[in-house]
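> Next up, query-v2.cif (mmCIF, C-alpha atoms).
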data_model
loop_
_atom_site.group_PDB
_atom_site.id
_atom_site.type_symbol
_atom_site.label_atom_id
_atom_site.label_comp_id
_atom_site.auth_asym_id
_atom_site.auth_seq_id
_atom_site.Cartn_x
_atom_site.Cartn_y
_atom_site.Cartn_z
ATOM 1 C CA MET W 1338 0.000 0.000 0.000
ATOM 2 C CA LYS W 1339 1.303 3.434 -0.897
ATOM 3 C CA ASP W 1340 1.794 6.018 1.829
ATOM 4 C CA LEU W 1341 -0.613 8.880 2.406
ATOM 5 C CA ASN W 1342 1.784 11.481 0.995
ATOM 6 C CA HIS W 1343 1.614 9.729 -2.381
ATOM 7 C CA TYR W 1344 -2.182 9.987 -2.462
ATOM 8 C CA VAL W 1345 -2.211 13.543 -1.140
ATOM 9 C CA SER W 1346 0.179 14.599 -3.905
ATOM 10 C CA ILE W 1347 -2.111 13.159 -6.579
ATOM 11 C CA TYR W 1348 -5.135 14.673 -4.857
ATOM 12 C CA LYS W 1349 -3.509 18.113 -4.799
ATOM 13 C CA LYS W 1350 -2.611 17.920 -8.508
ATOM 14 C CA GLN W 1351 -6.165 16.976 -9.416
ATOM 15 C CA LEU W 1352 -7.617 19.773 -7.297
ATOM 16 C CA GLU W 1353 -5.250 22.263 -8.937
ATOM 17 C CA LYS W 1354 -6.703 21.321 -12.339
ATOM 18 C CA GLY W 1355 -10.102 22.308 -10.976
ATOM 19 C CA ASP W 1356 -12.251 19.836 -12.911
ATOM 20 C CA ILE W 1357 -12.905 17.423 -10.049
ATOM 21 C CA ARG W 1358 -13.728 20.231 -7.632
ATOM 22 C CA GLU W 1359 -16.103 21.821 -10.155
ATOM 23 C CA ALA W 1360 -17.824 18.525 -10.968
ATOM 24 C CA TYR W 1361 -18.222 17.580 -7.317
ATOM 25 C CA THR W 1362 -19.541 21.023 -6.355
ATOM 26 C CA ARG W 1363 -22.056 21.051 -9.190
ATOM 27 C CA LEU W 1364 -23.214 17.488 -8.486
ATOM 28 C CA VAL W 1365 -23.758 18.271 -4.798
ATOM 29 C CA LYS W 1366 -25.647 21.462 -5.661
ATOM 30 C CA TYR W 1367 -27.822 19.501 -8.078
ATOM 31 C CA VAL W 1368 -28.649 16.773 -5.530
ATOM 32 C CA THR W 1369 -29.408 19.462 -2.932
ATOM 33 C CA LYS W 1370 -31.791 21.216 -5.318
ATOM 34 C CA LEU W 1371 -33.299 17.869 -6.295
ATOM 35 C CA GLY W 1372 -34.026 17.092 -2.640
ATOM 36 C CA THR W 1373 -35.777 20.438 -2.228
ATOM 37 C CA THR W 1374 -37.818 19.902 -5.394
ATOM 38 C CA LEU W 1375 -38.843 16.369 -4.432
ATOM 39 C CA SER W 1376 -39.741 17.524 -0.937
ATOM 40 C CA LYS W 1377 -42.118 20.117 -2.412
ATOM 41 C CA ASN W 1378 -43.560 17.905 -5.155
ATOM 42 C CA LEU W 1379 -43.961 14.717 -3.126
ATOM 43 C CA SER W 1380 -44.819 16.117 0.306
ATOM 44 C CA LYS W 1381 -48.129 14.217 0.360
ATOM 45 C CA SER W 1382 -46.354 10.882 -0.151
ATOM 46 C CA PHE W 1383 -42.969 11.213 1.568
ATOM 47 C CA SER W 1384 -40.985 13.327 3.991
ATOM 48 C CA PHE W 1385 -37.417 14.113 2.978
ATOM 49 C CA GLY W 1386 -34.312 14.590 5.090
ATOM 50 C CA SER W 1387 -31.178 16.656 4.686
ATOM 51 C CA ILE W 1388 -28.434 15.880 2.227
ATOM 52 C CA PHE W 1389 -25.378 13.874 3.278
ATOM 53 C CA LEU W 1390 -22.163 14.323 1.344
ATOM 54 C CA GLY W 1391 -20.428 11.052 2.145
ATOM 55 C CA TYR W 1392 -16.730 10.742 1.322
ATOM 56 C CA MET W 1393 -16.861 11.562 -2.391
ATOM 57 C CA ASP W 1394 -18.391 8.110 -2.795
ATOM 58 C CA TYR W 1395 -22.081 8.809 -2.203
ATOM 59 C CA THR W 1396 -24.231 11.909 -1.955
ATOM 60 C CA TYR W 1397 -27.680 11.083 -0.619
ATOM 61 C CA PHE W 1398 -30.741 12.003 1.341
ATOM 62 C CA TYR W 1399 -33.300 9.907 3.150
ATOM 63 C CA TYR W 1400 -37.015 9.858 2.567
ATOM 64 C CA SER W 1401 -39.799 7.992 4.286
ATOM 65 C CA ASN W 1402 -43.524 7.846 5.008
ATOM 66 C CA GLU W 1403 -45.657 6.590 7.905
ATOM 67 C CA PHE W 1404 -45.762 3.025 6.566
ATOM 68 C CA LEU W 1405 -41.953 2.815 6.474
ATOM 69 C CA LYS W 1406 -41.472 4.662 9.776
ATOM 70 C CA LYS W 1407 -43.760 2.205 11.602
ATOM 71 C CA ARG W 1408 -41.439 -0.584 10.444
ATOM 72 C CA LYS W 1409 -38.293 1.415 11.313
ATOM 73 C CA LEU W 1410 -37.377 1.643 7.621
ATOM 74 C CA LYS W 1411 -36.475 4.474 5.301
ATOM 75 C CA MET W 1412 -35.278 4.895 1.762
ATOM 76 C CA GLY W 1413 -32.360 6.803 0.384
ATOM 77 C CA LEU W 1414 -31.930 8.500 -2.949
ATOM 78 C CA VAL W 1415 -28.247 8.025 -3.627
ATOM 79 C CA LEU W 1416 -25.882 9.491 -6.191
ATOM 80 C CA ASN W 1417 -23.196 6.829 -6.477
ATOM 81 C CA HIS W 1418 -20.123 8.837 -7.499
ATOM 82 C CA THR W 1419 -18.047 5.811 -8.486
ATOM 83 C CA LYS W 1420 -20.650 4.525 -10.943
ATOM 84 C CA LEU W 1421 -22.142 7.985 -11.606
ATOM 85 C CA GLN W 1422 -25.665 6.664 -11.322
ATOM 86 C CA PHE W 1423 -28.672 7.314 -9.125
ATOM 87 C CA GLU W 1424 -29.858 4.516 -6.854
ATOM 88 C CA ILE W 1425 -32.604 3.864 -4.337
ATOM 89 C CA TRP W 1426 -31.638 2.099 -1.144
ATOM 90 C CA LEU W 1427 -33.921 0.565 1.469
ATOM 91 C CA LEU W 1428 -32.441 1.011 4.933
ATOM 92 C CA GLY W 1429 -33.277 -0.271 8.391
ATOM 93 C CA GLN W 1430 -32.932 1.712 11.609
ATOM 94 C CA THR W 1431 -31.126 -1.070 13.497
ATOM 95 C CA ILE W 1432 -29.093 -4.175 12.669
ATOM 96 C CA PRO W 1433 -31.929 -6.554 13.723
ATOM 97 C CA ILE W 1434 -34.344 -4.651 11.427
ATOM 98 C CA GLN W 1435 -31.828 -4.785 8.573
ATOM 99 C CA GLU W 1436 -31.316 -8.521 9.057
ATOM 100 C CA LYS W 1437 -35.048 -9.228 9.248
ATOM 101 C CA TYR W 1438 -35.766 -7.439 5.977
ATOM 102 C CA TRP W 1439 -32.576 -8.682 4.292
ATOM 103 C CA ASN W 1440 -33.676 -12.263 5.002
ATOM 104 C CA TYR W 1441 -36.893 -11.545 3.144
ATOM 105 C CA PHE W 1442 -35.511 -9.416 0.315
ATOM 106 C CA LYS W 1443 -32.502 -11.611 -0.465
ATOM 107 C CA SER W 1444 -34.749 -14.015 -2.358
ATOM 108 C CA THR W 1445 -36.701 -11.343 -4.275
ATOM 109 C CA LYS W 1446 -36.017 -9.641 -7.602
ATOM 110 C CA TRP W 1447 -34.513 -6.730 -5.679
ATOM 111 C CA ASN W 1448 -31.479 -8.725 -4.596
ATOM 112 C CA GLN W 1449 -31.171 -11.313 -7.326
ATOM 113 C CA ASN W 1450 -27.542 -12.038 -8.150
ATOM 114 C CA ARG W 1451 -26.537 -10.904 -4.640
ATOM 115 C CA THR W 1452 -25.122 -13.445 -2.246
ATOM 116 C CA THR W 1453 -24.371 -11.064 0.611
ATOM 117 C CA LYS W 1454 -26.215 -8.165 2.192
ATOM 118 C CA PRO W 1455 -25.167 -4.750 0.878
ATOM 119 C CA GLN W 1456 -22.807 -2.922 3.220
ATOM 120 C CA TYR W 1457 -25.134 -0.044 4.095
ATOM 121 C CA SER W 1458 -28.612 -1.158 3.125
ATOM 122 C CA ILE W 1459 -31.167 -3.925 2.794
ATOM 123 C CA LEU W 1460 -31.415 -3.472 -0.940
ATOM 124 C CA GLU W 1461 -29.934 -1.192 -3.566
ATOM 125 C CA THR W 1462 -31.505 -0.714 -6.967
ATOM 126 C CA VAL W 1463 -30.464 1.455 -9.883
ATOM 127 C CA LEU W 1464 -32.803 4.358 -10.520
ATOM 128 C CA ILE W 1465 -30.974 6.074 -13.419
ATOM 129 C CA GLU W 1466 -27.966 4.241 -14.809
ATOM 130 C CA ASN W 1467 -26.640 6.903 -17.189
ATOM 131 C CA PRO W 1468 -27.949 10.301 -16.085
ATOM 132 C CA ASN W 1469 -27.776 13.158 -18.576
ATOM 133 C CA PHE W 1470 -26.360 15.986 -16.502
ATOM 134 C CA ASN W 1471 -26.656 18.387 -19.462
ATOM 135 C CA ASP W 1472 -30.449 18.566 -19.054
ATOM 136 C CA LEU W 1473 -31.055 18.801 -15.318
ATOM 137 C CA ASP W 1474 -34.761 19.635 -15.632
ATOM 138 C CA ALA W 1475 -35.441 16.484 -17.659
ATOM 139 C CA LEU W 1476 -33.230 14.459 -15.315
ATOM 140 C CA SER W 1477 -35.140 15.737 -12.276
ATOM 141 C CA LYS W 1478 -38.478 14.799 -13.856
ATOM 142 C CA GLN W 1479 -37.169 11.344 -14.733
ATOM 143 C CA ILE W 1480 -35.833 10.833 -11.200
ATOM 144 C CA GLU W 1481 -39.141 11.946 -9.658
ATOM 145 C CA THR W 1482 -41.199 9.645 -11.894
ATOM 146 C CA ASP W 1483 -38.940 6.645 -11.365
ATOM 147 C CA LEU W 1484 -38.538 7.332 -7.628
ATOM 148 C CA ILE W 1485 -42.317 7.214 -7.171
ATOM 149 C CA ARG W 1486 -42.651 4.033 -9.224
ATOM 150 C CA ILE W 1487 -39.783 2.108 -7.645
ATOM 151 C CA SER W 1488 -40.526 3.291 -4.093
ATOM 152 C CA ASN W 1489 -44.124 2.153 -4.466
ATOM 153 C CA GLU W 1490 -42.964 -1.226 -5.804
ATOM 154 C CA ILE W 1491 -40.657 -1.692 -2.807
ATOM 155 C CA ILE W 1492 -43.400 -0.651 -0.377
ATOM 156 C CA GLN W 1493 -45.820 -3.051 -2.056
ATOM 157 C CA GLU W 1494 -43.231 -5.819 -1.699
ATOM 158 C CA ILE W 1495 -42.944 -5.041 2.017
ATOM 159 C CA LYS W 1496 -46.724 -5.150 2.355
ATOM 160 C CA SER W 1497 -46.934 -8.506 0.591
ATOM 161 C CA SER W 1498 -44.140 -9.896 2.807
ATOM 162 C CA LYS W 1499 -46.428 -9.633 5.832
ATOM 163 C CA LEU W 1500 -43.410 -8.661 7.936
ATOM 164 C CA VAL W 1501 -44.439 -6.432 10.818
#
Now, as a test, write the supplied structure out as structure tokens.


Amino acid sequence: MKDLNHYVSIYKKQLEKGDIREAYTRLVKYVTKLGTTLSKNLSKSFSFGSIFLGYMDYTYFYYSNEFLKKRKLKMGLVLNHTKLQFEIWLLGQTIPIQEKYWNYFKSTKWNQNRTTKPQYSILETVLIENPNFNDLDALSKQIETDLIRISNEIIQEIKSSKLV
């Protein structure tokens, strides 16, 4: 493993170019604005939390409704920086909750091809695989439409599981 000074030197050179800083800043601003827009547009269906910046790996915010809260669950809209895609994650409030729902969801379409529980969630699904960041209005509309559809599918799956 290389020492920290090696990585810091590369980091500094990249920051001096300015492109990474500009991209990261603009992506975070977009996700922040998206959270505000979704909070306004979907306030009858979901409540939205504050944005979390992660470690340049994920930028995300949580959202939930009464059905999910009663089960100590919430969802996250996640910008995966490594894959540059938007994802929806189902999360549990505690490890026992996560395990309970993972045991159900591991044999559903949501976790097919997965042999182990995701590190941070119960399930992770791609919302937008190749977002077009040149048309943010269209991207926001697509995210909102797909977020509603996929979130409702996940909630319906939870309802059909009969897990309390």

> Once the PyMOL selection byres ((chain W and resi 1475-1491) around 9) is applied to the coordinates I shared, what remains selected? I want it as a ChimeraX atom specification.

/W:1371,1374-1375,1378-1379,1382,1412,1414,1423,1425,1427,1447,1462,1464-1465,1468-1474,1492-1496

> Written as a PyMOL selection string, what is the full residue list that the PyMOL selection byres ((chain W and resi 1420) around 12) yields on the file shown?

chain W and resi 1393-1395+1415-1419+1421-1424+1463+1465-1468

> Figure out the distance between CA of Lys1406 in chain W and CA of Pro1433 in chain W, please, to one decimal in Å.

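Going from CA of Pro1433 in chain W over to CA of Lys1406 in chain W, I get 15.2 Å.
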
> How big is the axis-aligned box around the listed atoms of range 1451-1460 of chain W once 6 Å is added on each side, and where is its centre? Give both in Å to one decimal, as JSON.


{"center_x": -27.1, "center_y": -6.7, "center_z": -0.3, "size_x": 20.6, "size_y": 25.4, "size_z": 20.7}

> What lies within 9 Å of Asn1448 in chain W using all atoms listed in the file, ignoring chain neighbours under 3 positions off, as a list of chain:residue names?

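Near neighbours after the sequence-gap exclusion: W:Trp1439, W:Phe1442, W:Lys1443, W:Ser1444, W:Thr1445, W:Arg1451, W:Thr1452, W:Lys1454, W:Ile1459, W:Leu1460, W:Glu1461, W:Thr1462.
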
> Where does the PyMOL selection byres ((chain W and resi 1435) around 10) land in this file, that is, which residues does it pick, as a list in words?

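For this structure, the PyMOL selection byres ((chain W and resi 1435) around 10) resolves to Lys1409, Leu1410, Leu1427, Leu1428, Gly1429, Gln1430, Thr1431, Ile1432, Pro1433, Ile1434, Glu1436, Lys1437, Tyr1438, Trp1439, Asn1440, Lys1454, Tyr1457, Ser1458, Ile1459 and Leu1460 of chain W.
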
> Find the residue from W:Asn1450, W:Lys1349, W:Thr1396, W:His1343 that sits nearest to Arg1363 in chain W; use all atoms listed in the file when measuring.

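Smallest separation from Arg1363 in chain W among the options: W:Thr1396.
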
> Quick one, how far is CA of Thr1453 in chain W from CA of Ile1388 in chain W?

27.3 Å

> For CA of Lys1350 in chain W and CA of Thr1369 in chain W, quote the distance in Å rounded to one decimal.

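About the pair CA of Lys1350 in chain W and CA of Thr1369 in chain W: they are 27.4 Å apart.
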
> So, counting only C-alpha atoms, which residue among W:Leu1390, W:Leu1405, W:Leu1500, W:Val1368 is closest to Tyr1441 in chain W?

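For Tyr1441 in chain W, the nearest of the candidates is W:Leu1500.
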